[in-house]
Amino acid sequence: MDKNFYITTPIYYPSAKPHMGHAYSSIIADFFARFKRINGYKVFFLTGTDEHGQKIQRAAESQNLKPKVFCDLISKNFQNLSKTLNLTNDDFIRTTEKRHFKAVNSLWKKLEENDEIYLSKYSGWYSVSDEAFYSDDEIEIVNNIKLSKSSGSKVEWVEEESYFFRLSKWQNKLLDFYNENPNFILPESRRNEVLSFVKSGLKDLSISRKSLKWGIKVPSNENHTIYVWLDALTNYLSALNYPDTSNNLYKKFWPASLHLIGKDILRFHAIFWPAFLLAANIKPPKKVYGHGWILSGEEKMSKSKGNILDPMDIIKEYGLDPLRYYLIKEVSFGNDGNISRDQLVKCINSDLANNYGNLCQRVISFLDKNLKLEVPNKYNLTIEDNNILNNFKENYNNLLNEIDNQNINYYINFIVNQLFSANKYFNDQEPWNKKDDLERLNTILYVSLELIRKISVLLYPIIPDTSLKVLSIFDINETDLSYESILNNDFLKPKAKLKKIGILFKKIEKND
RNA sequence: GGCGGGGUAGCUCAGUUGGUUAGAGCGCAGGACUCAUAAGCCUGAGGUCAGUGGUUCGAUCCCACUUCCCGCUACCA
């Protein structure tokens, strides 16, 4: 079995500051990276910034900065975001780096060599004020003047020399590829969209611009700049040192296991990207998952509505792990999700403080007051003891499968159920009434500690800081962590000293 | 317009390859307990599973129609 796992976030366009959507993609990707690592995989987790294009060029000019200098500044915002989110990314790629330039150059040449590129003319109805091209059915004629239907602005016929990629030729091969790889595009609804789009017919794709200056030049023609998407998508290869396909990174990690993206950039990843790669004799990635958007209330977040929840602000106010937990638990993965302060607070209080935090607190505190602060001895296990401990064993493979299908809600729901069970177990066993039966008392506490340990291992990909803090009670650190260890019911060694930790999550009082 | 997805408890969402009392969490009400962050546990209230019609012994799940919402319908990304 393939024990290598290559996961990517989109590379972010840094012209605006990081928002909740960026944070979401990154956190989900980090979840998978961390889970795979504790499950024994060699993981390569990549994120980065997409720094070419007109918007960046203009923004730089407006500040009287050279584009590269400007990019160095704004890319920092996203590098900082990665740190703030506690991402375990192995690399951070920037499209203005030399290694990326080399990769794009080579890919272009390879496509040219394979006769997948030709020079022609791009033409269409162009609106100067909208800076956009429109197709025939997007324009209307009013008083003999051609206007854009959507914006109402004047359009004129423009022709520009451009290189084209022979996308049309790949239509059937793509359809074959989708058929042979039914999980290539997920979720299924997105796959349907892509299939119907490709079936409706693909036109050749313009992949260079004469007007664009800030970007990578076409190798054989300095007058042209490579289309930003061909440029950007190649980042997934450049981080593995493509075109050097004999180096270790490339050999181990290509094709990518999972490109995690927002649904808005599905087409580029699910159609153009595999087509470019197939045309260059490179294997396409194994899976592209288009997740939903994070909304605030019923509406998309917008400045004018004043309903923007800035991830940095939220983290400052409530902490990182609560945000990670919330986004992973409360958003139905694949669909759009809502975030609000109100829901976040409820989630922190009930799940993290009352359920998980309090479980740890009541068990450790009980040990501290009634036994020694060390792992108790374990005596005969009752049916209840065995049942609750073996829940993990029974669901071990199941959880692996669900993760491989990106069913992260299943995974976290399993954890929450175990938390309820553990609290119920402690309640039902009433250790406070067992002070005259020390063997039973010890056993109850042993089992409770094992439950806390197992649950905390499972929580590691979701709330890593907190999980590690709890595991530090048992002197388990990050490098020792393994998913497999939840199978073990005798992991903790009696007499081992336990560390005391404070309150994990403070409850948040409601203001209103 | 075409294609696709959806409307399930006050809220956020699961689920049903058609079959006895439709699920979870939060919120709400009541109870027993006390180790714990007034946390945890138990019980309960609350749903004509969008509407109408059809297929069927039986539909929330299949079909048709109606209505509402959302996505895709290529080169800003």
# chains A, B, ... in the order shown; residues from 1 in each chain; ligands from 1
call {"tool": "select_by_dssp", "arguments": {"residues": "region 104-262 of chain A", "states": "strand (DSSP E or B)", "output": "JSON, numbers by chain"}}
result
{"A": [117, 118, 119, 120, 121, 122, 123, 124, 125, 126, 127, 132, 133, 134, 139, 140, 141, 142, 145, 146, 147, 148, 154, 156, 157, 158, 159, 160, 161, 162, 163, 164, 165, 185, 186, 205, 206, 208, 209, 217, 218, 221, 222, 223, 224, 225, 226, 258, 259, 260, 261, 262]}
call {"tool": "closest_atom_pairs", "arguments": {"of": "chain B", "to": "chain A", "cutoff": "8 Å", "atoms": "only C-alpha atoms (C1' of nucleotides)", "output": "Markdown table"}}
result
| residue | atom | partner | partner_atom | distance |
| --- | --- | --- | --- | --- |
| B:C3 | C1' | A:Ser196 | CA | 7.3 |
| B:G4 | C1' | A:Glu193 | CA | 6.8 |
| B:G5 | C1' | A:Ser189 | CA | 6.8 |
| B:U12 | C1' | A:Glu330 | CA | 7.6 |
| B:C13 | C1' | A:Ser332 | CA | 7.5 |
| B:C26 | C1' | A:Lys346 | CA | 7.3 |
| B:C35 | C1' | A:Phe366 | CA | 5.5 |
| B:A36 | C1' | A:Arg362 | CA | 4.0 |
| B:U37 | C1' | A:Asn358 | CA | 6.1 |
| B:A39 | C1' | A:Asn354 | CA | 5.4 |
| B:G40 | C1' | A:Asn423 | CA | 6.2 |
| B:C41 | C1' | A:Asn427 | CA | 6.1 |
| B:C72 | C1' | A:Glu193 | CA | 5.7 |
| B:U73 | C1' | A:Phe197 | CA | 7.6 |
| B:C75 | C1' | A:Ser206 | CA | 6.6 |
| B:C76 | C1' | A:Ala132 | CA | 7.4 |
call {"tool": "residues_around", "arguments": {"residues": "region 113-127 of chain A", "least_positions_apart": "5", "cutoff": "10 Å", "atoms": "only C-alpha atoms (C1' of nucleotides)", "output": "ChimeraX atom specification"}}
result
/A:107-108,132-136,138-139,146-148,151-167,169,204-209,276,279-281
call {"tool": "atom_distance", "arguments": {"atom1": "CA of Pro284 (chain A)", "atom2": "CA of Ala256 (chain A)"}}
result
7.8 Å
call {"tool": "residues_around", "arguments": {"residues": "region 53-62 of chain B", "least_positions_apart": "2", "cutoff": "8 Å", "atoms": "only C-alpha atoms (C1' of nucleotides)", "output": "PDB file with all heavy atoms, in the first residue's frame"}}
result
ATOM      1  P     U B   8     -36.006  21.765   5.615  1.00  0.00           P
ATOM      2  OP1   U B   8     -36.588  22.665   6.603  1.00  0.00           O
ATOM      3  OP2   U B   8     -34.566  21.773   5.333  1.00  0.00           O
ATOM      4  O5'   U B   8     -36.413  20.260   5.985  1.00  0.00           O
ATOM      5  C5'   U B   8     -37.780  19.906   6.121  1.00  0.00           C
ATOM      6  C4'   U B   8     -37.884  18.711   7.010  1.00  0.00           C
ATOM      7  O4'   U B   8     -37.064  17.639   6.461  1.00  0.00           O
ATOM      8  C3'   U B   8     -37.316  18.897   8.409  1.00  0.00           C
ATOM      9  O3'   U B   8     -38.253  19.545   9.246  1.00  0.00           O
ATOM     10  C2'   U B   8     -37.073  17.451   8.828  1.00  0.00           C
ATOM     11  O2'   U B   8     -38.279  16.792   9.125  1.00  0.00           O
ATOM     12  C1'   U B   8     -36.490  16.879   7.521  1.00  0.00           C
ATOM     13  N1    U B   8     -35.019  17.014   7.448  1.00  0.00           N
ATOM     14  C2    U B   8     -34.267  16.066   8.114  1.00  0.00           C
ATOM     15  O2    U B   8     -34.755  15.162   8.759  1.00  0.00           O
ATOM     16  N3    U B   8     -32.907  16.228   8.002  1.00  0.00           N
ATOM     17  C4    U B   8     -32.248  17.212   7.306  1.00  0.00           C
ATOM     18  O4    U B   8     -31.024  17.224   7.299  1.00  0.00           O
ATOM     19  C5    U B   8     -33.093  18.166   6.652  1.00  0.00           C
ATOM     20  C6    U B   8     -34.424  18.027   6.748  1.00  0.00           C
ATOM     21  P     U B  16     -29.086   6.917   4.084  1.00  0.00           P
ATOM     22  OP1   U B  16     -28.007   5.967   3.748  1.00  0.00           O
ATOM     23  OP2   U B  16     -29.262   8.137   3.266  1.00  0.00           O
ATOM     24  O5'   U B  16     -30.468   6.125   4.103  1.00  0.00           O
ATOM     25  C5'   U B  16     -30.738   5.143   5.117  1.00  0.00           C
ATOM     26  C4'   U B  16     -32.221   4.993   5.244  1.00  0.00           C
ATOM     27  O4'   U B  16     -32.778   6.265   5.643  1.00  0.00           O
ATOM     28  C3'   U B  16     -32.945   4.652   3.936  1.00  0.00           C
ATOM     29  O3'   U B  16     -33.040   3.244   3.807  1.00  0.00           O
ATOM     30  C2'   U B  16     -34.324   5.263   4.130  1.00  0.00           C
ATOM     31  O2'   U B  16     -35.204   4.382   4.788  1.00  0.00           O
ATOM     32  C1'   U B  16     -34.037   6.458   5.042  1.00  0.00           C
ATOM     33  N1    U B  16     -34.026   7.749   4.338  1.00  0.00           N
ATOM     34  C2    U B  16     -35.219   8.462   4.315  1.00  0.00           C
ATOM     35  O2    U B  16     -36.224   8.051   4.814  1.00  0.00           O
ATOM     36  N3    U B  16     -35.142   9.668   3.665  1.00  0.00           N
ATOM     37  C4    U B  16     -34.040  10.224   3.060  1.00  0.00           C
ATOM     38  O4    U B  16     -34.135  11.329   2.537  1.00  0.00           O
ATOM     39  C5    U B  16     -32.852   9.420   3.113  1.00  0.00           C
ATOM     40  C6    U B  16     -32.886   8.228   3.738  1.00  0.00           C
ATOM     41  P     G B  18     -35.943   1.932  -1.883  1.00  0.00           P
ATOM     42  OP1   G B  18     -35.817   0.572  -2.374  1.00  0.00           O
ATOM     43  OP2   G B  18     -36.916   2.872  -2.477  1.00  0.00           O
ATOM     44  O5'   G B  18     -36.209   1.862  -0.312  1.00  0.00           O
ATOM     45  C5'   G B  18     -36.476   3.059   0.434  1.00  0.00           C
ATOM     46  C4'   G B  18     -37.760   2.866   1.171  1.00  0.00           C
ATOM     47  O4'   G B  18     -38.821   2.978   0.213  1.00  0.00           O
ATOM     48  C3'   G B  18     -37.885   1.461   1.748  1.00  0.00           C
ATOM     49  O3'   G B  18     -37.352   1.364   3.077  1.00  0.00           O
ATOM     50  C2'   G B  18     -39.382   1.088   1.548  1.00  0.00           C
ATOM     51  O2'   G B  18     -40.114   1.188   2.755  1.00  0.00           O
ATOM     52  C1'   G B  18     -39.873   2.133   0.556  1.00  0.00           C
ATOM     53  N9    G B  18     -40.447   1.556  -0.653  1.00  0.00           N
ATOM     54  C8    G B  18     -39.824   0.898  -1.676  1.00  0.00           C
ATOM     55  N7    G B  18     -40.643   0.543  -2.633  1.00  0.00           N
ATOM     56  C5    G B  18     -41.884   1.004  -2.214  1.00  0.00           C
ATOM     57  C6    G B  18     -43.167   0.900  -2.842  1.00  0.00           C
ATOM     58  O6    G B  18     -43.470   0.396  -3.917  1.00  0.00           O
ATOM     59  N1    G B  18     -44.150   1.498  -2.052  1.00  0.00           N
ATOM     60  C2    G B  18     -43.950   2.099  -0.843  1.00  0.00           C
ATOM     61  N2    G B  18     -45.010   2.601  -0.247  1.00  0.00           N
ATOM     62  N3    G B  18     -42.767   2.201  -0.258  1.00  0.00           N
ATOM     63  C4    G B  18     -41.787   1.632  -0.998  1.00  0.00           C
ATOM     64  P     G B  19     -37.939   1.984   4.421  1.00  0.00           P
ATOM     65  OP1   G B  19     -38.265   3.410   4.225  1.00  0.00           O
ATOM     66  OP2   G B  19     -36.913   1.589   5.399  1.00  0.00           O
ATOM     67  O5'   G B  19     -39.270   1.216   4.818  1.00  0.00           O
ATOM     68  C5'   G B  19     -40.280   1.894   5.603  1.00  0.00           C
ATOM     69  C4'   G B  19     -41.027   0.864   6.409  1.00  0.00           C
ATOM     70  O4'   G B  19     -41.735   0.001   5.496  1.00  0.00           O
ATOM     71  C3'   G B  19     -40.085  -0.027   7.209  1.00  0.00           C
ATOM     72  O3'   G B  19     -40.025   0.375   8.583  1.00  0.00           O
ATOM     73  C2'   G B  19     -40.625  -1.461   7.018  1.00  0.00           C
ATOM     74  O2'   G B  19     -41.192  -2.002   8.200  1.00  0.00           O
ATOM     75  C1'   G B  19     -41.739  -1.301   6.000  1.00  0.00           C
ATOM     76  N9    G B  19     -41.628  -2.205   4.868  1.00  0.00           N
ATOM     77  C8    G B  19     -40.517  -2.712   4.247  1.00  0.00           C
ATOM     78  N7    G B  19     -40.795  -3.476   3.215  1.00  0.00           N
ATOM     79  C5    G B  19     -42.185  -3.477   3.162  1.00  0.00           C
ATOM     80  C6    G B  19     -43.076  -4.122   2.274  1.00  0.00           C
ATOM     81  O6    G B  19     -42.823  -4.833   1.320  1.00  0.00           O
ATOM     82  N1    G B  19     -44.402  -3.843   2.595  1.00  0.00           N
ATOM     83  C2    G B  19     -44.815  -3.048   3.642  1.00  0.00           C
ATOM     84  N2    G B  19     -46.118  -2.902   3.806  1.00  0.00           N
ATOM     85  N3    G B  19     -44.003  -2.442   4.473  1.00  0.00           N
ATOM     86  C4    G B  19     -42.713  -2.707   4.175  1.00  0.00           C
ATOM     87  P     C B  49     -44.680  15.014   6.900  1.00  0.00           P
ATOM     88  OP1   C B  49     -45.304  15.776   5.789  1.00  0.00           O
ATOM     89  OP2   C B  49     -44.706  13.570   6.873  1.00  0.00           O
ATOM     90  O5'   C B  49     -43.183  15.470   7.075  1.00  0.00           O
ATOM     91  C5'   C B  49     -42.674  16.764   6.678  1.00  0.00           C
ATOM     92  C4'   C B  49     -41.211  16.570   6.420  1.00  0.00           C
ATOM     93  O4'   C B  49     -40.785  15.497   7.269  1.00  0.00           O
ATOM     94  C3'   C B  49     -40.881  16.161   4.990  1.00  0.00           C
ATOM     95  O3'   C B  49     -40.235  17.292   4.402  1.00  0.00           O
ATOM     96  C2'   C B  49     -39.944  14.979   5.092  1.00  0.00           C
ATOM     97  O2'   C B  49     -38.662  15.309   4.596  1.00  0.00           O
ATOM     98  C1'   C B  49     -39.809  14.740   6.595  1.00  0.00           C
ATOM     99  N1    C B  49     -39.885  13.361   7.084  1.00  0.00           N
ATOM    100  C2    C B  49     -38.665  12.665   7.166  1.00  0.00           C
ATOM    101  O2    C B  49     -37.634  13.228   6.763  1.00  0.00           O
ATOM    102  N3    C B  49     -38.661  11.425   7.688  1.00  0.00           N
ATOM    103  C4    C B  49     -39.782  10.876   8.115  1.00  0.00           C
ATOM    104  N4    C B  49     -39.709   9.666   8.640  1.00  0.00           N
ATOM    105  C5    C B  49     -41.040  11.556   8.016  1.00  0.00           C
ATOM    106  C6    C B  49     -41.035  12.780   7.502  1.00  0.00           C
ATOM    107  P     A B  64     -40.400  12.138 -12.885  1.00  0.00           P
ATOM    108  OP1   A B  64     -39.734  12.343 -14.195  1.00  0.00           O
ATOM    109  OP2   A B  64     -39.778  12.661 -11.655  1.00  0.00           O
ATOM    110  O5'   A B  64     -41.886  12.712 -12.978  1.00  0.00           O
ATOM    111  C5'   A B  64     -42.699  12.429 -14.111  1.00  0.00           C
ATOM    112  C4'   A B  64     -44.038  13.088 -13.932  1.00  0.00           C
ATOM    113  O4'   A B  64     -44.705  12.501 -12.789  1.00  0.00           O
ATOM    114  C3'   A B  64     -43.991  14.566 -13.597  1.00  0.00           C
ATOM    115  O3'   A B  64     -43.822  15.358 -14.756  1.00  0.00           O
ATOM    116  C2'   A B  64     -45.346  14.782 -12.940  1.00  0.00           C
ATOM    117  O2'   A B  64     -46.383  14.858 -13.895  1.00  0.00           O
ATOM    118  C1'   A B  64     -45.482  13.491 -12.137  1.00  0.00           C
ATOM    119  N9    A B  64     -44.995  13.639 -10.757  1.00  0.00           N
ATOM    120  C8    A B  64     -43.776  13.263 -10.250  1.00  0.00           C
ATOM    121  N7    A B  64     -43.639  13.523  -8.968  1.00  0.00           N
ATOM    122  C5    A B  64     -44.851  14.101  -8.615  1.00  0.00           C
ATOM    123  C6    A B  64     -45.343  14.596  -7.393  1.00  0.00           C
ATOM    124  N6    A B  64     -44.647  14.579  -6.257  1.00  0.00           N
ATOM    125  N1    A B  64     -46.596  15.111  -7.385  1.00  0.00           N
ATOM    126  C2    A B  64     -47.301  15.126  -8.516  1.00  0.00           C
ATOM    127  N3    A B  64     -46.937  14.684  -9.734  1.00  0.00           N
ATOM    128  C4    A B  64     -45.697  14.178  -9.707  1.00  0.00           C
ATOM    129  P     C B  65     -43.052  16.746 -14.659  1.00  0.00           P
ATOM    130  OP1   C B  65     -42.831  17.234 -16.034  1.00  0.00           O
ATOM    131  OP2   C B  65     -41.896  16.581 -13.739  1.00  0.00           O
ATOM    132  O5'   C B  65     -44.126  17.674 -13.948  1.00  0.00           O
ATOM    133  C5'   C B  65     -45.324  18.049 -14.635  1.00  0.00           C
ATOM    134  C4'   C B  65     -46.311  18.632 -13.658  1.00  0.00           C
ATOM    135  O4'   C B  65     -46.543  17.672 -12.590  1.00  0.00           O
ATOM    136  C3'   C B  65     -45.852  19.870 -12.909  1.00  0.00           C
ATOM    137  O3'   C B  65     -45.987  21.049 -13.673  1.00  0.00           O
ATOM    138  C2'   C B  65     -46.791  19.863 -11.714  1.00  0.00           C
ATOM    139  O2'   C B  65     -48.074  20.318 -12.043  1.00  0.00           O
ATOM    140  C1'   C B  65     -46.836  18.366 -11.388  1.00  0.00           C
ATOM    141  N1    C B  65     -45.826  18.003 -10.369  1.00  0.00           N
ATOM    142  C2    C B  65     -46.119  18.291  -9.036  1.00  0.00           C
ATOM    143  O2    C B  65     -47.192  18.820  -8.747  1.00  0.00           O
ATOM    144  N3    C B  65     -45.201  17.980  -8.081  1.00  0.00           N
ATOM    145  C4    C B  65     -44.054  17.410  -8.420  1.00  0.00           C
ATOM    146  N4    C B  65     -43.193  17.123  -7.448  1.00  0.00           N
ATOM    147  C5    C B  65     -43.727  17.107  -9.781  1.00  0.00           C
ATOM    148  C6    C B  65     -44.638  17.421 -10.713  1.00  0.00           C
TER     149        C B  65
END
call {"tool": "residues_around", "arguments": {"residues": "region 216-222 of chain A", "least_positions_apart": "3", "cutoff": "8 Å", "atoms": "only C-alpha atoms (C1' of nucleotides)", "output": "ChimeraX atom specification"}}
result
/A:101,104-105,108-109,208,225-226,231
call {"tool": "select_by_dssp", "arguments": {"residues": "region 31-232 of chain A", "states": "helix (DSSP H, G or I)", "output": "ChimeraX atom specification"}}
result
/A:31-38,54-62,67-84,98-113,136-138,168-180,188-199,228-232
call {"tool": "atom_distance", "arguments": {"atom1": "CA of Lys286 (chain A)", "atom2": "CA of Tyr178 (chain A)"}}
result
10.7 Å
call {"tool": "atom_distance", "arguments": {"atom1": "CA of Glu439 (chain A)", "atom2": "CA of Leu389 (chain A)"}}
result
18.1 Å
call {"tool": "residues_around", "arguments": {"residues": "Asn398 (chain A)", "least_positions_apart": "5", "cutoff": "10 Å", "atoms": "only C-alpha atoms (C1' of nucleotides)", "output": "list in words"}}
result
Phe392, Lys393, Ile403, Asp404, Tyr410 and Tyr411 of chain A
call {"tool": "write_last_selection", "arguments": {"atoms": "all heavy atoms", "output": "PDB file, in the first residue's frame"}}
result
ATOM      1  N   PHE A 392     -13.229   1.751  20.237  1.00  0.00           N
ATOM      2  CA  PHE A 392     -12.203   2.310  19.360  1.00  0.00           C
ATOM      3  C   PHE A 392     -11.683   1.246  18.402  1.00  0.00           C
ATOM      4  O   PHE A 392     -11.503   1.499  17.213  1.00  0.00           O
ATOM      5  CB  PHE A 392     -11.071   2.911  20.198  1.00  0.00           C
ATOM      6  CG  PHE A 392     -11.525   4.070  21.029  1.00  0.00           C
ATOM      7  CD1 PHE A 392     -12.135   3.870  22.265  1.00  0.00           C
ATOM      8  CD2 PHE A 392     -11.387   5.367  20.566  1.00  0.00           C
ATOM      9  CE1 PHE A 392     -12.578   4.942  23.025  1.00  0.00           C
ATOM     10  CE2 PHE A 392     -11.826   6.451  21.321  1.00  0.00           C
ATOM     11  CZ  PHE A 392     -12.426   6.237  22.559  1.00  0.00           C
ATOM     12  N   LYS A 393     -11.467   0.063  18.955  1.00  0.00           N
ATOM     13  CA  LYS A 393     -11.006  -1.045  18.121  1.00  0.00           C
ATOM     14  C   LYS A 393     -12.031  -1.350  17.037  1.00  0.00           C
ATOM     15  O   LYS A 393     -11.709  -1.521  15.873  1.00  0.00           O
ATOM     16  CB  LYS A 393     -10.783  -2.276  19.010  1.00  0.00           C
ATOM     17  CG  LYS A 393      -9.871  -3.323  18.414  1.00  0.00           C
ATOM     18  CD  LYS A 393      -9.668  -4.492  19.385  1.00  0.00           C
ATOM     19  CE  LYS A 393      -8.801  -4.106  20.587  1.00  0.00           C
ATOM     20  NZ  LYS A 393      -8.664  -5.220  21.564  1.00  0.00           N
ATOM     21  N   ILE A 403     -12.145   8.686   6.557  1.00  0.00           N
ATOM     22  CA  ILE A 403     -11.169   9.742   6.304  1.00  0.00           C
ATOM     23  C   ILE A 403     -10.720   9.712   4.843  1.00  0.00           C
ATOM     24  O   ILE A 403     -10.579  10.748   4.199  1.00  0.00           O
ATOM     25  CB  ILE A 403      -9.924   9.573   7.206  1.00  0.00           C
ATOM     26  CG1 ILE A 403     -10.303   9.830   8.661  1.00  0.00           C
ATOM     27  CG2 ILE A 403      -8.794  10.473   6.757  1.00  0.00           C
ATOM     28  CD1 ILE A 403     -10.214  11.253   9.090  1.00  0.00           C
ATOM     29  N   ASP A 404     -10.520   8.518   4.322  1.00  0.00           N
ATOM     30  CA  ASP A 404     -10.080   8.421   2.933  1.00  0.00           C
ATOM     31  C   ASP A 404     -11.155   8.897   1.961  1.00  0.00           C
ATOM     32  O   ASP A 404     -10.864   9.217   0.814  1.00  0.00           O
ATOM     33  CB  ASP A 404      -9.649   6.992   2.605  1.00  0.00           C
ATOM     34  CG  ASP A 404      -8.228   6.736   3.093  1.00  0.00           C
ATOM     35  OD1 ASP A 404      -7.481   7.721   3.280  1.00  0.00           O
ATOM     36  OD2 ASP A 404      -7.861   5.561   3.296  1.00  0.00           O
ATOM     37  N   TYR A 410     -18.049  12.481   9.859  1.00  0.00           N
ATOM     38  CA  TYR A 410     -18.196  11.170  10.478  1.00  0.00           C
ATOM     39  C   TYR A 410     -17.141  11.004  11.570  1.00  0.00           C
ATOM     40  O   TYR A 410     -17.420  10.547  12.669  1.00  0.00           O
ATOM     41  CB  TYR A 410     -18.043  10.080   9.416  1.00  0.00           C
ATOM     42  CG  TYR A 410     -18.265   8.685   9.956  1.00  0.00           C
ATOM     43  CD1 TYR A 410     -19.503   8.080   9.852  1.00  0.00           C
ATOM     44  CD2 TYR A 410     -17.233   7.987  10.582  1.00  0.00           C
ATOM     45  CE1 TYR A 410     -19.720   6.804  10.359  1.00  0.00           C
ATOM     46  CE2 TYR A 410     -17.433   6.713  11.092  1.00  0.00           C
ATOM     47  CZ  TYR A 410     -18.683   6.130  10.972  1.00  0.00           C
ATOM     48  OH  TYR A 410     -18.885   4.882  11.481  1.00  0.00           O
ATOM     49  N   TYR A 411     -15.936  11.369  11.221  1.00  0.00           N
ATOM     50  CA  TYR A 411     -14.810  11.229  12.141  1.00  0.00           C
ATOM     51  C   TYR A 411     -15.047  12.029  13.423  1.00  0.00           C
ATOM     52  O   TYR A 411     -14.926  11.513  14.531  1.00  0.00           O
ATOM     53  CB  TYR A 411     -13.538  11.700  11.436  1.00  0.00           C
ATOM     54  CG  TYR A 411     -12.273  11.643  12.267  1.00  0.00           C
ATOM     55  CD1 TYR A 411     -11.534  10.465  12.363  1.00  0.00           C
ATOM     56  CD2 TYR A 411     -11.791  12.774  12.929  1.00  0.00           C
ATOM     57  CE1 TYR A 411     -10.363  10.413  13.107  1.00  0.00           C
ATOM     58  CE2 TYR A 411     -10.626  12.731  13.670  1.00  0.00           C
ATOM     59  CZ  TYR A 411      -9.912  11.551  13.754  1.00  0.00           C
ATOM     60  OH  TYR A 411      -8.753  11.506  14.488  1.00  0.00           O
TER      61      TYR A 411
END
call {"tool": "residues_around", "arguments": {"residues": "region 66-69 of chain B", "least_positions_apart": "5", "cutoff": "8 Å", "atoms": "only C-alpha atoms (C1' of nucleotides)", "output": "compact mmCIF listing (two decimals) with C-alpha atoms (C1' of nucleotides), in the first residue's frame"}}
result
# COMPACT_ATOMS: atom_id res chain seq x y z
C1' G B 6 -31.88 20.76 -2.46
C1' G B 7 -36.51 22.18 0.86
C1' A B 50 -42.18 22.09 1.12
C1' G B 51 -47.39 21.30 -1.37
C1' U B 52 -50.71 18.32 -4.54
call {"tool": "closest_residue", "arguments": {"among": "B:C63, B:A77, B:A9, B:A45", "to": "A29 (chain B)", "atoms": "only C-alpha atoms (C1' of nucleotides)"}}
result
B:A45
call {"tool": "decode", "arguments": {"residues": "region 30-60 of chain B", "atoms": "C-alpha atoms (C1' of nucleotides)", "output": "compact mmCIF listing (two decimals), in the first residue's frame"}}
result
# COMPACT_ATOMS: atom_id res chain seq x y z
C1' G B 30 -38.67 18.38 34.70
C1' G B 31 -35.80 14.76 37.78
C1' A B 32 -31.94 12.07 40.47
C1' C B 33 -26.82 12.71 41.78
C1' U B 34 -22.25 15.51 43.41
C1' C B 35 -16.03 13.64 41.13
C1' A B 36 -15.93 18.12 37.90
C1' U B 37 -15.40 24.45 34.48
C1' A B 38 -23.46 25.39 38.36
C1' A B 39 -20.02 20.93 34.26
C1' G B 40 -21.87 15.58 33.72
C1' C B 41 -26.23 11.87 33.84
C1' C B 42 -31.63 10.57 33.21
C1' U B 43 -36.60 11.81 31.40
C1' G B 44 -39.69 14.83 28.47
C1' A B 45 -41.98 18.49 25.14
C1' G B 46 -41.36 19.74 20.04
C1' G B 47 -41.74 17.42 13.18
C1' U B 48 -48.77 16.46 8.37
C1' C B 49 -39.81 14.74 6.59
C1' A B 50 -42.18 22.09 1.12
C1' G B 51 -47.39 21.30 -1.37
C1' U B 52 -50.71 18.32 -4.54
C1' G B 53 -51.58 13.93 -7.12
C1' G B 54 -49.86 8.94 -8.58
C1' U B 55 -47.40 3.82 -8.21
C1' U B 56 -47.60 0.26 -4.01
C1' C B 57 -50.28 -4.06 0.86
C1' G B 58 -47.34 0.27 2.60
C1' A B 59 -43.76 6.56 0.75
C1' U B 60 -40.48 11.25 4.20
